[in-house]
$ cat protein35.csv   # CSV, C-alpha atoms and all ligand atoms
chain,number,residue,atom,x,y,z
A,609,MET,CA,-8.8,19.1,5.0
A,610,LYS,CA,-8.2,17.7,1.6
A,611,LYS,CA,-5.8,14.8,1.6
A,612,HIS,CA,-3.1,14.2,-0.9
A,613,ASN,CA,-2.7,10.4,-1.1
A,614,PHE,CA,0.8,9.2,-2.1
A,615,TYR,CA,0.5,5.7,-0.7
A,616,ALA,CA,2.2,3.0,-2.7
A,617,GLY,CA,-0.7,0.5,-2.6
A,618,PRO,CA,-3.4,0.1,-1.8
A,619,SER,CA,-3.5,3.7,-3.0
A,620,ILE,CA,-5.6,6.5,-4.3
A,621,MET,CA,-8.7,5.6,-6.3
A,622,SER,CA,-10.4,7.9,-8.6
A,623,GLN,CA,-13.5,9.7,-7.3
A,624,TYR,CA,-15.3,8.2,-10.4
A,625,THR,CA,-14.5,4.7,-9.2
A,626,ILE,CA,-15.4,5.4,-5.6
A,627,ASP,CA,-18.7,7.1,-6.4
A,628,HIS,CA,-19.9,4.4,-8.9
A,629,THR,CA,-18.9,1.7,-6.4
A,630,ILE,CA,-20.9,3.4,-3.7
A,631,ASP,CA,-23.9,3.6,-6.0
A,632,ALA,CA,-23.7,-0.1,-6.7
A,633,ILE,CA,-23.3,-0.9,-3.0
A,634,ARG,CA,-26.7,0.8,-2.6
A,635,ASP,CA,-28.3,-0.6,-5.7
A,636,PHE,CA,-26.5,-2.8,-8.2
A,637,ALA,CA,-27.7,-2.4,-11.8
A,638,GLY,CA,-31.3,-1.7,-10.8
A,639,THR,CA,-31.6,-5.2,-9.1
A,640,GLY,CA,-32.7,-3.7,-5.8
A,641,LEU,CA,-29.7,-5.6,-4.3
A,642,SER,CA,-26.3,-4.4,-3.3
A,643,VAL,CA,-23.3,-5.5,-5.3
A,644,LEU,CA,-22.1,-6.9,-1.9
A,645,GLU,CA,-24.8,-9.5,-1.9
A,646,ILE,CA,-25.3,-10.3,-5.5
A,647,SER,CA,-24.7,-13.8,-6.9
A,648,HIS,CA,-21.6,-14.0,-9.1
A,649,ARG,CA,-23.6,-16.2,-11.3
A,650,SER,CA,-26.3,-13.5,-11.9
A,651,LYS,CA,-26.6,-12.2,-15.4
A,652,GLU,CA,-26.0,-8.7,-14.1
A,653,PHE,CA,-22.6,-9.7,-12.6
A,654,GLN,CA,-21.7,-11.8,-15.7
A,655,ALA,CA,-22.2,-8.6,-17.7
A,656,VAL,CA,-19.8,-6.8,-15.4
A,657,MET,CA,-17.2,-9.5,-15.8
A,658,ASP,CA,-17.6,-9.5,-19.6
A,659,GLU,CA,-17.4,-5.8,-19.9
A,660,ALA,CA,-14.3,-5.5,-17.6
A,661,GLN,CA,-12.5,-8.2,-19.7
A,662,ALA,CA,-13.5,-6.5,-23.0
A,663,LEU,CA,-12.5,-3.0,-21.9
A,664,PHE,CA,-9.2,-4.3,-20.5
A,665,LYS,CA,-8.5,-5.8,-24.0
A,666,GLU,CA,-9.6,-2.6,-25.8
A,667,LEU,CA,-7.6,-0.2,-23.7
A,668,LEU,CA,-4.4,-2.2,-23.9
A,669,ASP,CA,-5.0,-3.2,-27.5
A,670,ILE,CA,-4.5,-6.8,-26.6
A,671,PRO,CA,-4.2,-9.0,-29.7
A,672,GLU,CA,-6.3,-12.1,-30.5
A,673,GLY,CA,-5.2,-15.2,-28.7
A,674,TYR,CA,-4.9,-13.7,-25.3
A,675,GLU,CA,-7.4,-13.9,-22.4
A,676,VAL,CA,-7.8,-11.5,-19.4
A,677,LEU,CA,-8.4,-13.2,-16.1
A,678,PHE,CA,-9.4,-11.7,-12.7
A,679,LEU,CA,-8.2,-14.0,-9.9
A,680,GLY,CA,-7.5,-13.9,-6.2
A,681,GLY,CA,-4.2,-14.4,-4.4
A,682,GLY,CA,-2.4,-11.2,-5.3
A,683,ALA,CA,0.6,-10.7,-7.5
A,684,SER,CA,2.4,-12.9,-5.0
A,685,LEU,CA,0.4,-16.0,-6.0
A,686,GLN,CA,1.5,-15.3,-9.6
A,687,PHE,CA,5.1,-15.6,-8.6
A,688,CYS,CA,4.3,-19.3,-8.1
A,689,MET,CA,1.6,-19.8,-10.8
A,690,VAL,CA,3.8,-18.5,-13.6
A,691,PRO,CA,6.6,-21.1,-13.2
A,692,TYR,CA,4.0,-23.8,-12.3
A,693,ASN,CA,2.4,-23.4,-15.6
A,694,LEU,CA,5.1,-22.1,-17.9
A,695,LEU,CA,8.5,-23.3,-16.7
A,696,LYS,CA,9.6,-26.4,-18.6
A,697,THR,CA,13.4,-26.5,-18.2
A,698,LYS,CA,14.9,-23.1,-17.7
A,699,ALA,CA,13.6,-19.5,-17.2
A,700,GLY,CA,15.5,-16.3,-17.1
A,701,TYR,CA,14.7,-13.7,-14.4
A,702,VAL,CA,15.8,-10.0,-14.2
A,703,ASP,CA,16.8,-9.2,-10.6
A,704,SER,CA,15.6,-5.6,-10.3
A,705,GLY,CA,14.6,-5.6,-6.6
A,706,THR,CA,12.5,-7.0,-3.8
A,707,TRP,CA,9.5,-8.2,-5.8
A,708,ALA,CA,11.7,-9.8,-8.5
A,709,HIS,CA,13.5,-11.6,-5.7
A,710,LYS,CA,10.3,-13.1,-4.4
A,711,ALA,CA,9.4,-14.2,-8.0
A,712,ILE,CA,12.8,-15.8,-8.4
A,713,LYS,CA,12.5,-17.7,-5.1
A,714,GLU,CA,9.2,-19.4,-6.3
A,715,ALA,CA,10.5,-20.1,-9.8
A,716,LYS,CA,13.4,-22.1,-8.3
A,717,LEU,CA,10.9,-24.6,-7.0
A,718,PHE,CA,10.0,-25.6,-10.6
A,719,GLY,CA,13.2,-25.6,-12.6
A,720,ASP,CA,16.5,-23.9,-13.5
A,721,VAL,CA,16.5,-20.2,-13.0
A,722,GLU,CA,19.1,-18.0,-14.7
A,723,ILE,CA,19.6,-14.4,-13.4
A,724,VAL,CA,20.0,-12.7,-16.7
A,725,ALA,CA,20.7,-9.2,-15.3
A,726,SER,CA,20.8,-7.6,-11.9
A,727,SER,CA,21.2,-4.2,-10.3
A,728,GLU,CA,22.0,-5.6,-6.9
A,729,ASP,CA,25.6,-4.3,-7.2
A,730,ASP,CA,24.3,-0.7,-6.8
A,731,LYS,CA,21.4,-1.3,-4.4
A,732,TYR,CA,18.9,-1.4,-7.3
A,733,VAL,CA,19.1,2.3,-8.2
A,734,TYR,CA,19.0,1.5,-11.9
A,735,TYR,CA,17.2,-0.8,-14.2
A,736,PRO,CA,19.6,-3.6,-15.3
A,737,LYS,CA,20.5,-3.7,-19.0
A,738,LEU,CA,19.0,-6.6,-21.0
A,739,ASP,CA,21.9,-7.0,-23.4
A,740,ASN,CA,22.8,-10.6,-23.0
A,741,VAL,CA,19.6,-12.6,-22.9
A,742,PRO,CA,20.1,-16.3,-23.7
A,743,THR,CA,18.0,-17.9,-26.4
A,744,ASP,CA,17.3,-21.2,-24.5
A,745,LEU,CA,14.8,-19.8,-22.0
A,746,ASP,CA,11.2,-20.8,-21.6
A,747,TYR,CA,10.5,-17.2,-20.8
A,748,LEU,CA,12.2,-14.1,-19.4
A,749,HIS,CA,10.6,-12.6,-16.3
A,750,ILE,CA,10.7,-8.9,-15.8
A,751,THR,CA,9.3,-6.5,-13.2
A,752,THR,CA,8.5,-3.4,-15.3
A,753,ASN,CA,8.2,-1.1,-12.3
A,754,ASN,CA,10.0,-1.6,-9.0
A,755,THR,CA,7.6,-0.1,-6.5
A,756,ILE,CA,10.1,-0.1,-3.6
A,757,TYR,CA,13.2,1.3,-5.4
A,758,GLY,CA,11.5,3.6,-7.9
A,759,THR,CA,13.1,2.2,-11.0
A,760,GLU,CA,11.1,1.5,-14.2
A,761,LEU,CA,11.5,0.0,-17.6
A,762,ARG,CA,9.3,2.2,-19.7
A,763,GLU,CA,9.4,0.1,-22.9
A,764,ASP,CA,8.8,-3.4,-24.0
A,765,PRO,CA,12.4,-4.6,-24.6
A,766,ASP,CA,13.5,-6.5,-27.7
A,767,VAL,CA,14.9,-9.8,-26.4
A,768,PRO,CA,15.2,-13.1,-28.2
A,769,VAL,CA,12.7,-14.9,-26.0
A,770,ARG,CA,9.1,-14.5,-24.9
A,771,MET,CA,8.5,-12.4,-21.8
A,772,VAL,CA,6.5,-12.6,-18.7
A,773,ALA,CA,6.0,-9.4,-16.8
A,774,ASP,CA,4.9,-8.3,-13.3
A,775,MET,CA,3.2,-4.9,-14.1
A,776,SER,CA,1.6,-4.5,-10.7
A,777,SER,CA,2.5,-0.9,-10.3
A,778,ASP,CA,2.6,0.5,-13.8
A,779,ILE,CA,-0.1,-1.2,-15.8
A,780,PHE,CA,-2.2,1.5,-17.7
A,781,SER,CA,0.6,4.1,-17.4
A,782,ARG,CA,1.7,3.5,-21.0
A,783,PRO,CA,0.8,1.5,-24.1
A,784,VAL,CA,2.2,-2.0,-24.0
A,785,ASP,CA,3.1,-4.2,-26.9
A,786,VAL,CA,1.3,-7.2,-25.5
A,787,SER,CA,2.4,-9.4,-28.4
A,788,LYS,CA,5.9,-9.6,-26.9
A,789,TYR,CA,4.6,-11.3,-23.8
A,790,ASP,CA,3.3,-14.7,-23.0
A,791,LEU,CA,1.8,-13.4,-19.8
A,792,ILE,CA,1.4,-10.1,-17.9
A,793,TYR,CA,0.1,-10.0,-14.3
A,794,GLY,CA,-0.3,-7.7,-11.4
A,795,GLY,CA,-2.2,-6.9,-8.2
A,796,ALA,CA,-4.9,-4.4,-8.9
A,797,GLN,CA,-4.5,-2.2,-5.9
A,798,LYS,CA,-2.5,0.6,-7.6
A,799,ASN,CA,-3.8,1.6,-11.0
A,800,LEU,CA,-7.0,-0.5,-11.1
A,801,ALA,CA,-9.1,-1.4,-8.1
A,802,PRO,CA,-9.2,-1.9,-4.4
A,803,ALA,CA,-7.1,-4.8,-3.1
A,804,GLY,CA,-8.4,-8.3,-3.6
A,805,VAL,CA,-8.2,-8.9,-7.4
A,806,THR,CA,-5.3,-9.8,-9.6
A,807,PHE,CA,-5.2,-9.3,-13.3
A,808,VAL,CA,-3.6,-11.8,-15.7
A,809,ILE,CA,-3.2,-11.4,-19.5
A,810,VAL,CA,-2.3,-14.7,-20.9
A,811,LYS,CA,-1.6,-16.1,-24.4
A,812,THR,CA,-3.7,-19.2,-24.3
A,813,ASP,CA,-1.6,-21.3,-26.7
A,814,VAL,CA,1.3,-21.4,-24.3
A,815,LEU,CA,-0.7,-23.2,-21.7
A,816,GLY,CA,-1.0,-27.0,-21.2
A,817,GLN,CA,2.7,-27.7,-21.9
A,818,ALA,CA,4.3,-27.8,-18.4
A,819,PRO,CA,5.8,-31.2,-17.6
A,820,ARG,CA,3.9,-31.5,-14.3
A,821,ALA,CA,0.5,-31.9,-12.8
A,822,ILE,CA,-1.0,-28.6,-11.7
A,823,PRO,CA,-3.6,-28.2,-9.0
A,824,THR,CA,-6.9,-27.1,-10.4
A,825,MET,CA,-7.0,-23.6,-8.8
A,826,LEU,CA,-3.4,-22.9,-9.8
A,827,ASN,CA,-3.9,-23.9,-13.4
A,828,TYR,CA,-4.5,-21.0,-15.8
A,829,GLU,CA,-6.4,-23.3,-18.1
A,830,THR,CA,-9.1,-23.7,-15.4
A,831,HIS,CA,-9.7,-20.0,-15.3
A,832,VAL,CA,-9.5,-19.5,-19.0
A,833,LYS,CA,-12.1,-22.2,-19.6
A,834,LYS,CA,-14.4,-20.9,-16.9
A,835,GLY,CA,-14.0,-17.2,-17.8
A,836,SER,CA,-12.6,-16.4,-14.3
A,837,MET,CA,-15.7,-18.0,-12.7
A,838,PHE,CA,-14.4,-21.4,-11.8
A,839,ASN,CA,-14.9,-20.4,-8.2
A,840,THR,CA,-16.4,-17.2,-6.6
A,841,PRO,CA,-14.3,-14.3,-8.0
A,842,PRO,CA,-13.7,-11.1,-6.0
A,843,VAL,CA,-17.0,-9.5,-7.0
A,844,LEU,CA,-16.6,-6.0,-5.5
A,845,PRO,CA,-13.0,-5.3,-6.7
A,846,ILE,CA,-13.9,-6.5,-10.2
A,847,TYR,CA,-16.9,-4.1,-10.1
A,848,SER,CA,-14.6,-1.3,-9.1
A,849,ALA,CA,-12.0,-2.3,-11.7
A,850,LEU,CA,-14.7,-1.9,-14.4
A,851,GLN,CA,-15.4,1.6,-13.2
A,852,THR,CA,-11.7,2.5,-13.3
A,853,LEU,CA,-11.5,1.1,-16.9
A,854,LYS,CA,-14.5,3.2,-17.9
A,855,TRP,CA,-12.9,6.3,-16.4
A,856,TYR,CA,-9.7,5.6,-18.3
A,857,LYS,CA,-11.7,5.3,-21.5
A,858,GLU,CA,-13.5,8.6,-20.8
A,859,LEU,CA,-10.1,10.3,-20.1
A,860,GLY,CA,-8.9,9.3,-23.6
A,861,GLY,CA,-7.2,5.9,-23.1
A,862,VAL,CA,-3.7,4.8,-22.2
A,863,LYS,CA,-1.8,7.2,-24.4
A,864,LYS,CA,-3.5,10.1,-22.6
A,865,LEU,CA,-2.8,8.6,-19.2
A,866,GLN,CA,0.8,8.3,-20.2
A,867,GLU,CA,1.0,12.0,-21.0
A,868,ILE,CA,-0.6,13.0,-17.7
A,869,ASP,CA,1.6,10.6,-15.7
A,870,GLU,CA,4.8,11.8,-17.4
A,871,GLU,CA,3.8,15.4,-16.7
A,872,LYS,CA,3.2,14.7,-13.0
A,873,ALA,CA,6.5,12.9,-12.7
A,874,ARG,CA,8.4,15.7,-14.5
A,875,VAL,CA,7.0,18.3,-12.0
A,876,LEU,CA,8.2,16.3,-9.0
A,877,TYR,CA,11.6,15.2,-10.4
A,878,ASP,CA,12.3,18.8,-11.4
A,879,ALA,CA,11.5,20.0,-7.9
A,880,ILE,CA,13.9,17.3,-6.5
A,881,ASP,CA,16.7,18.2,-8.9
A,882,GLU,CA,16.4,21.9,-8.2
A,883,SER,CA,16.3,21.4,-4.4
A,884,LYS,CA,19.2,22.0,-2.1
A,885,MET,CA,17.7,19.7,0.5
A,886,PHE,CA,16.4,16.7,-1.3
A,887,VAL,CA,18.1,14.3,-3.8
A,888,GLY,CA,16.6,11.5,-5.9
A,889,THR,CA,17.9,8.0,-5.3
A,890,VAL,CA,17.5,6.6,-8.8
A,891,LYS,CA,19.7,7.1,-11.8
A,892,PRO,CA,17.9,9.5,-14.1
A,893,GLU,CA,17.5,7.1,-17.1
A,894,SER,CA,15.8,4.5,-14.8
A,895,ARG,CA,13.4,6.8,-12.9
A,896,SER,CA,9.9,5.5,-12.4
A,897,ILE,CA,7.0,7.8,-13.2
A,898,MET,CA,4.9,5.9,-10.7
A,899,ASN,CA,7.0,5.8,-7.6
A,900,VAL,CA,9.4,8.7,-7.0
A,901,CYS,CA,12.1,7.9,-4.4
A,902,PHE,CA,14.2,10.6,-2.8
A,903,VAL,CA,16.1,11.3,0.4
A,904,MET,CA,17.5,14.3,2.3
A,905,LYS,CA,21.1,15.3,1.6
A,906,PRO,CA,23.5,14.3,4.4
A,907,GLU,CA,23.8,17.9,5.7
A,908,TYR,CA,20.1,17.9,6.5
A,909,ALA,CA,20.1,14.4,8.0
A,910,GLY,CA,17.8,14.1,11.0
A,911,LEU,CA,15.1,16.4,9.5
A,912,GLU,CA,13.1,13.5,7.9
A,913,LYS,CA,10.5,13.2,10.6
A,914,ASP,CA,10.1,17.0,10.8
A,915,PHE,CA,9.4,17.0,7.0
A,916,LEU,CA,6.9,14.2,7.3
A,917,ASP,CA,5.1,16.1,10.1
A,918,PHE,CA,5.2,19.3,8.1
A,919,ALA,CA,3.8,17.6,5.0
A,920,ALA,CA,1.0,16.1,7.1
A,921,THR,CA,-0.1,19.6,8.0
A,922,LYS,CA,-0.7,20.2,4.3
A,923,GLY,CA,-2.8,17.0,4.0
A,924,ILE,CA,0.1,15.0,2.4
A,925,VAL,CA,0.0,11.3,3.4
A,926,GLY,CA,1.9,8.2,2.4
A,927,ILE,CA,5.3,9.7,1.5
A,928,LYS,CA,7.4,7.7,3.9
A,929,GLY,CA,9.8,5.5,2.0
A,930,HIS,CA,9.5,1.7,2.2
A,931,ARG,CA,10.9,0.4,5.4
A,932,SER,CA,13.7,-1.4,3.6
A,933,VAL,CA,14.9,1.8,1.8
A,934,GLY,CA,14.0,4.7,4.1
A,935,GLY,CA,13.8,8.3,2.9
A,936,PHE,CA,10.7,9.3,0.9
A,937,ARG,CA,8.6,7.8,-1.8
A,938,ALA,CA,5.8,9.6,-3.5
A,939,SER,CA,3.5,7.3,-5.6
A,940,LEU,CA,1.9,9.1,-8.5
A,941,TYR,CA,-0.6,6.6,-9.7
A,942,ASN,CA,-3.2,7.4,-12.4
A,943,ALA,CA,-5.8,8.6,-9.9
A,944,LEU,CA,-3.5,11.2,-8.3
A,945,PRO,CA,-4.2,14.7,-9.6
A,946,LEU,CA,-1.4,17.0,-10.7
A,947,ASP,CA,-2.6,19.4,-8.0
A,948,SER,CA,-1.5,17.0,-5.3
A,949,VAL,CA,2.0,16.8,-6.8
A,950,LYS,CA,2.1,20.6,-6.8
A,951,VAL,CA,1.1,20.7,-3.1
A,952,LEU,CA,4.0,18.3,-2.4
A,953,THR,CA,6.6,20.3,-4.3
A,954,GLN,CA,5.3,23.5,-2.7
A,955,ALA,CA,5.7,21.9,0.8
A,956,MET,CA,9.2,20.8,-0.1
A,957,LYS,CA,10.2,24.3,-1.1
A,958,GLU,CA,8.6,25.9,2.0
A,959,PHE,CA,10.3,23.4,4.3
A,960,GLU,CA,13.6,24.0,2.6
A,961,ASN,CA,13.3,27.7,3.0
A,962,LYS,CA,12.7,27.3,6.7
A,963,HIS,CA,15.9,25.4,7.3
L,1001,LIG,N1,4.9,-7.0,-7.5
L,1001,LIG,C1,5.0,-5.6,-7.4
L,1001,LIG,C2,5.8,-4.8,-8.4
L,1001,LIG,C3,4.4,-5.0,-6.3
L,1001,LIG,O1,4.6,-3.7,-6.1
L,1001,LIG,C4,3.7,-5.7,-5.3
L,1001,LIG,C5,3.0,-5.1,-4.1
L,1001,LIG,N2,3.3,-3.9,-3.8
L,1001,LIG,C6,3.6,-7.1,-5.5
L,1001,LIG,C7,4.2,-7.7,-6.6
L,1001,LIG,C8,2.9,-8.0,-4.6
L,1001,LIG,O2,1.5,-7.8,-4.8
L,1001,LIG,P1,0.4,-8.5,-3.8
L,1001,LIG,O3,0.5,-7.8,-2.5
L,1001,LIG,O4,-0.8,-8.2,-4.6
L,1001,LIG,O5,0.7,-9.9,-3.7

$ encode --input "protein35.csv" --output "structure tokens" --more "lines below"
Ligand code: PMP
Amino acid sequence: MKKHNFYAGPSIMSQYTIDHTIDAIRDFAGTGLSVLEISHRSKEFQAVMDEAQALFKELLDIPEGYEVLFLGGGASLQFCMVPYNLLKTKAGYVDSGTWAHKAIKEAKLFGDVEIVASSEDDKYVYYPKLDNVPTDLDYLHITTNNTIYGTELREDPDVPVRMVADMSSDIFSRPVDVSKYDLIYGGAQKNLAPAGVTFVIVKTDVLGQAPRAIPTMLNYETHVKKGSMFNTPPVLPIYSALQTLKWYKELGGVKKLQEIDEEKARVLYDAIDESKMFVGTVKPESRSIMNVCFVMKPEYAGLEKDFLDFAATKGIVGIKGHRSVGGFRASLYNALPLDSVKVLTQAMKEFENKH
């Protein structure tokens, strides 16, 4: 049976990425070797790295003065690397949920942290307003899409300081004005590649100013100087990332992806809003187009498991909400086809009619 993969990450990959990766596992770039066994110093892999960085820059229209890095350690290591390299005295953080919390915890090891805005008062069901951002911050850290709570900031806000953003779960879902950011990072395992690689877009002239010694591997300058090849990079996920970037280009680029993503989200949110059984958990103006969170209305409580089982008979997987929130979460990343969303909305209607 065809599966409809709504997992939050690792998550659905495009068939294009999977097929091209399989081809390279069998024979990489005509070398007669698998991409699994190739040297990262080979000219063929260097070409993959160069093309992935160039295409990343092209698709996001990244201005001069920025480098794209492919590192290990996940977005979680960036929670520490960002303040290690960029926090001089005081940084501002937006508290928009679980991942922001983890970033805040690390930053506090390196200097003063001011929580500039928070939606904790309402269990993170909206994206906090960024009206009162102080001017004396080294940077303002935002998490543009909150994968667990399903809230998203779908624009690059105007604030009086430079920004750093965790875009793990919404990179390549809209054009980004990179010039407003000193650094953007994310785990690749949603809109880019299989787990194992982390992307970083960094403005190189902000590096080298932190008032502390930085271990070599945790210093962005190391990786900028060595073109993400200081040590062995995650070869296979980078190869797959390049395939995804090529697929994005073929589809028509980031603006086109945004249109497709917005349409998918509209179909699902409409179904939720029209439903007698289901209700969205997020305030409409903050709704994520990547992670759609919803629950059953109180009068249907107790039917959650039945719905998950029913959905599974239609091939729907990965819609159980995060363990800290409950309910349901459907992740609509770029590789998820509109048809899968329609299968889900149809299943919701059928289930509702039965009860
Ligand atoms: N930030 C966000 C917004 C995430 O969704 C996640 C993972 N789901 C992380 C950070 C952590 O990423 P990693 O597992 O790559 O460390």

$ residues_near_ligand --input "protein35.csv" --ligand "ligand LIG 1001 (chain L)" --cutoff "6 Å" --atoms "all atoms listed in the file" --output "ChimeraX atom specification"
/A:682-684,707,753-755,774,776-777,795

$ write_last_selection --input "protein35.csv" --atoms "C-alpha atoms" --output "mmCIF file, keeping the file's coordinate frame"
data_model
loop_
_atom_site.group_PDB
_atom_site.id
_atom_site.type_symbol
_atom_site.label_atom_id
_atom_site.label_comp_id
_atom_site.auth_asym_id
_atom_site.auth_seq_id
_atom_site.Cartn_x
_atom_site.Cartn_y
_atom_site.Cartn_z
ATOM 1 C CA GLY A 682 -2.400 -11.200 -5.300
ATOM 2 C CA ALA A 683 0.600 -10.700 -7.500
ATOM 3 C CA SER A 684 2.400 -12.900 -5.000
ATOM 4 C CA TRP A 707 9.500 -8.200 -5.800
ATOM 5 C CA ASN A 753 8.200 -1.100 -12.300
ATOM 6 C CA ASN A 754 10.000 -1.600 -9.000
ATOM 7 C CA THR A 755 7.600 -0.100 -6.500
ATOM 8 C CA ASP A 774 4.900 -8.300 -13.300
ATOM 9 C CA SER A 776 1.600 -4.500 -10.700
ATOM 10 C CA SER A 777 2.500 -0.900 -10.300
ATOM 11 C CA GLY A 795 -2.200 -6.900 -8.200
#

$ residues_around --input "protein35.csv" --residues "A:Lys798" --least-positions-apart "3" --cutoff "10 Å" --atoms "only C-alpha atoms" --output "ChimeraX atom specification"
/A:615-621,776-779,794-795,801-803,898,939-943

$ atom_distance --input "protein35.csv" --atom1 "atom CA of A:Phe886" --atom2 "atom CA of A:Gly705"
23.0 Å

$ closest_residue --input "protein35.csv" --among "A:Arg820, A:Gly719, A:Gly934, A:Asp703" --to "A:Leu738" --atoms "all atoms listed in the file"
A:Asp703

$ residues_near_point --input "protein35.csv" --point "(5.8, -5.2, -29.0)" --cutoff "12 Å" --atoms "only C-alpha atoms" --output "CSV table (one decimal) with C-alpha atoms, in the frame of the given file"
chain,number,residue,atom,x,y,z
A,668,LEU,CA,-4.4,-2.2,-23.9
A,669,ASP,CA,-5.0,-3.2,-27.5
A,670,ILE,CA,-4.5,-6.8,-26.6
A,671,PRO,CA,-4.2,-9.0,-29.7
A,763,GLU,CA,9.4,0.1,-22.9
A,764,ASP,CA,8.8,-3.4,-24.0
A,765,PRO,CA,12.4,-4.6,-24.6
A,766,ASP,CA,13.5,-6.5,-27.7
A,767,VAL,CA,14.9,-9.8,-26.4
A,770,ARG,CA,9.1,-14.5,-24.9
A,771,MET,CA,8.5,-12.4,-21.8
A,783,PRO,CA,0.8,1.5,-24.1
A,784,VAL,CA,2.2,-2.0,-24.0
A,785,ASP,CA,3.1,-4.2,-26.9
A,786,VAL,CA,1.3,-7.2,-25.5
A,787,SER,CA,2.4,-9.4,-28.4
A,788,LYS,CA,5.9,-9.6,-26.9
A,789,TYR,CA,4.6,-11.3,-23.8
A,790,ASP,CA,3.3,-14.7,-23.0

$ residues_near_point --input "protein35.csv" --point "(-10.6, -10.5, -9.0)" --cutoff "12 Å" --atoms "all atoms listed in the file" --output "compact mmCIF listing (two decimals) with C-alpha atoms, keeping the file's coordinate frame"
# COMPACT_ATOMS: atom_id res chain seq x y z
CA HIS A 648 -21.60 -14.00 -9.10
CA VAL A 656 -19.80 -6.80 -15.40
CA MET A 657 -17.20 -9.50 -15.80
CA ALA A 660 -14.30 -5.50 -17.60
CA GLN A 661 -12.50 -8.20 -19.70
CA VAL A 676 -7.80 -11.50 -19.40
CA LEU A 677 -8.40 -13.20 -16.10
CA PHE A 678 -9.40 -11.70 -12.70
CA LEU A 679 -8.20 -14.00 -9.90
CA GLY A 680 -7.50 -13.90 -6.20
CA GLY A 681 -4.20 -14.40 -4.40
CA GLY A 682 -2.40 -11.20 -5.30
CA ALA A 683 0.60 -10.70 -7.50
CA TYR A 793 0.10 -10.00 -14.30
CA GLY A 794 -0.30 -7.70 -11.40
CA GLY A 795 -2.20 -6.90 -8.20
CA ALA A 796 -4.90 -4.40 -8.90
CA GLN A 797 -4.50 -2.20 -5.90
CA LEU A 800 -7.00 -0.50 -11.10
CA ALA A 801 -9.10 -1.40 -8.10
CA PRO A 802 -9.20 -1.90 -4.40
CA ALA A 803 -7.10 -4.80 -3.10
CA GLY A 804 -8.40 -8.30 -3.60
CA VAL A 805 -8.20 -8.90 -7.40
CA THR A 806 -5.30 -9.80 -9.60
CA PHE A 807 -5.20 -9.30 -13.30
CA VAL A 808 -3.60 -11.80 -15.70
CA HIS A 831 -9.70 -20.00 -15.30
CA GLY A 835 -14.00 -17.20 -17.80
CA SER A 836 -12.60 -16.40 -14.30
CA MET A 837 -15.70 -18.00 -12.70
CA PHE A 838 -14.40 -21.40 -11.80
CA ASN A 839 -14.90 -20.40 -8.20
CA THR A 840 -16.40 -17.20 -6.60
CA PRO A 841 -14.30 -14.30 -8.00
CA PRO A 842 -13.70 -11.10 -6.00
CA VAL A 843 -17.00 -9.50 -7.00
CA LEU A 844 -16.60 -6.00 -5.50
CA PRO A 845 -13.00 -5.30 -6.70
CA ILE A 846 -13.90 -6.50 -10.20
CA TYR A 847 -16.90 -4.10 -10.10
CA SER A 848 -14.60 -1.30 -9.10
CA ALA A 849 -12.00 -2.30 -11.70
CA LEU A 850 -14.70 -1.90 -14.40

$ residues_around --input "protein35.csv" --residues "A:Gly935" --least-positions-apart "5" --cutoff "8 Å" --atoms "only C-alpha atoms" --output "list in words"
Cys901, Phe902, Val903, Met904, Glu912, Lys928, Gly929 and His930 of chain A

$ atom_distance --input "protein35.csv" --atom1 "atom CA of A:Asn899" --atom2 "atom CA of A:Val862"
18.1 Å

$ closest_residue --input "protein35.csv" --among "A:Gln654, A:Ser781, A:Ser704, A:Thr639" --to "A:Ile756" --atoms "only C-alpha atoms"
A:Ser704

$ closest_residue --input "protein35.csv" --among "A:Lys962, A:Lys713, A:Lys665, A:Lys737" --to "A:Asp914" --atoms "all atoms listed in the file"
A:Lys962

$ residues_around --input "protein35.csv" --residues "A:Ile792" --least-positions-apart "4" --cutoff "8 Å" --atoms "all atoms listed in the file" --output "PyMOL selection string"
chain A and resi 772-775+808-810

$ closest_residue --input "protein35.csv" --among "A:Asp627, A:Glu652, A:Glu760, A:Glu645" --to "A:Val733" --atoms "all atoms listed in the file"
A:Glu760

$ atom_distance --input "protein35.csv" --atom1 "atom CA of A:Glu870" --atom2 "atom CA of A:Phe936"
19.4 Å

$ closest_residue --input "protein35.csv" --among "A:Gln817, A:Thr824, A:Ser622, A:Asn961" --to "A:Asn799" --atoms "all atoms listed in the file"
A:Ser622

$ residues_around --input "protein35.csv" --residues "A:Glu714" --least-positions-apart "4" --cutoff "8 Å" --atoms "all atoms listed in the file" --output "ChimeraX atom specification"
/A:687-688,691,710,718

$ closest_residue --input "protein35.csv" --among "A:Leu944, A:Leu694, A:Ile868, A:Leu641" --to "A:Phe653" --atoms "all atoms listed in the file"
A:Leu641

$ decode --input "protein35.csv" --residues "stretch 670-681 of chain A" --atoms "C-alpha atoms" --output "short mmCIF file (atom, residue, chain, number, x, y, z; two decimals), in the first residue's frame"
data_model
loop_
_atom_site.label_atom_id
_atom_site.label_comp_id
_atom_site.auth_asym_id
_atom_site.auth_seq_id
_atom_site.Cartn_x
_atom_site.Cartn_y
_atom_site.Cartn_z
CA ILE A 670 22.46 34.47 -0.51
CA PRO A 671 24.41 37.73 -0.84
CA GLU A 672 28.20 38.09 -1.08
CA GLY A 673 30.03 37.79 2.22
CA TYR A 674 28.24 34.64 3.41
CA GLU A 675 29.44 31.04 3.36
CA VAL A 676 27.40 27.85 3.44
CA LEU A 677 28.77 25.09 5.66
CA PHE A 678 27.80 21.43 5.97
CA LEU A 679 28.69 20.18 9.44
CA GLY A 680 27.95 17.34 11.83
CA GLY A 681 26.33 17.51 15.26
#
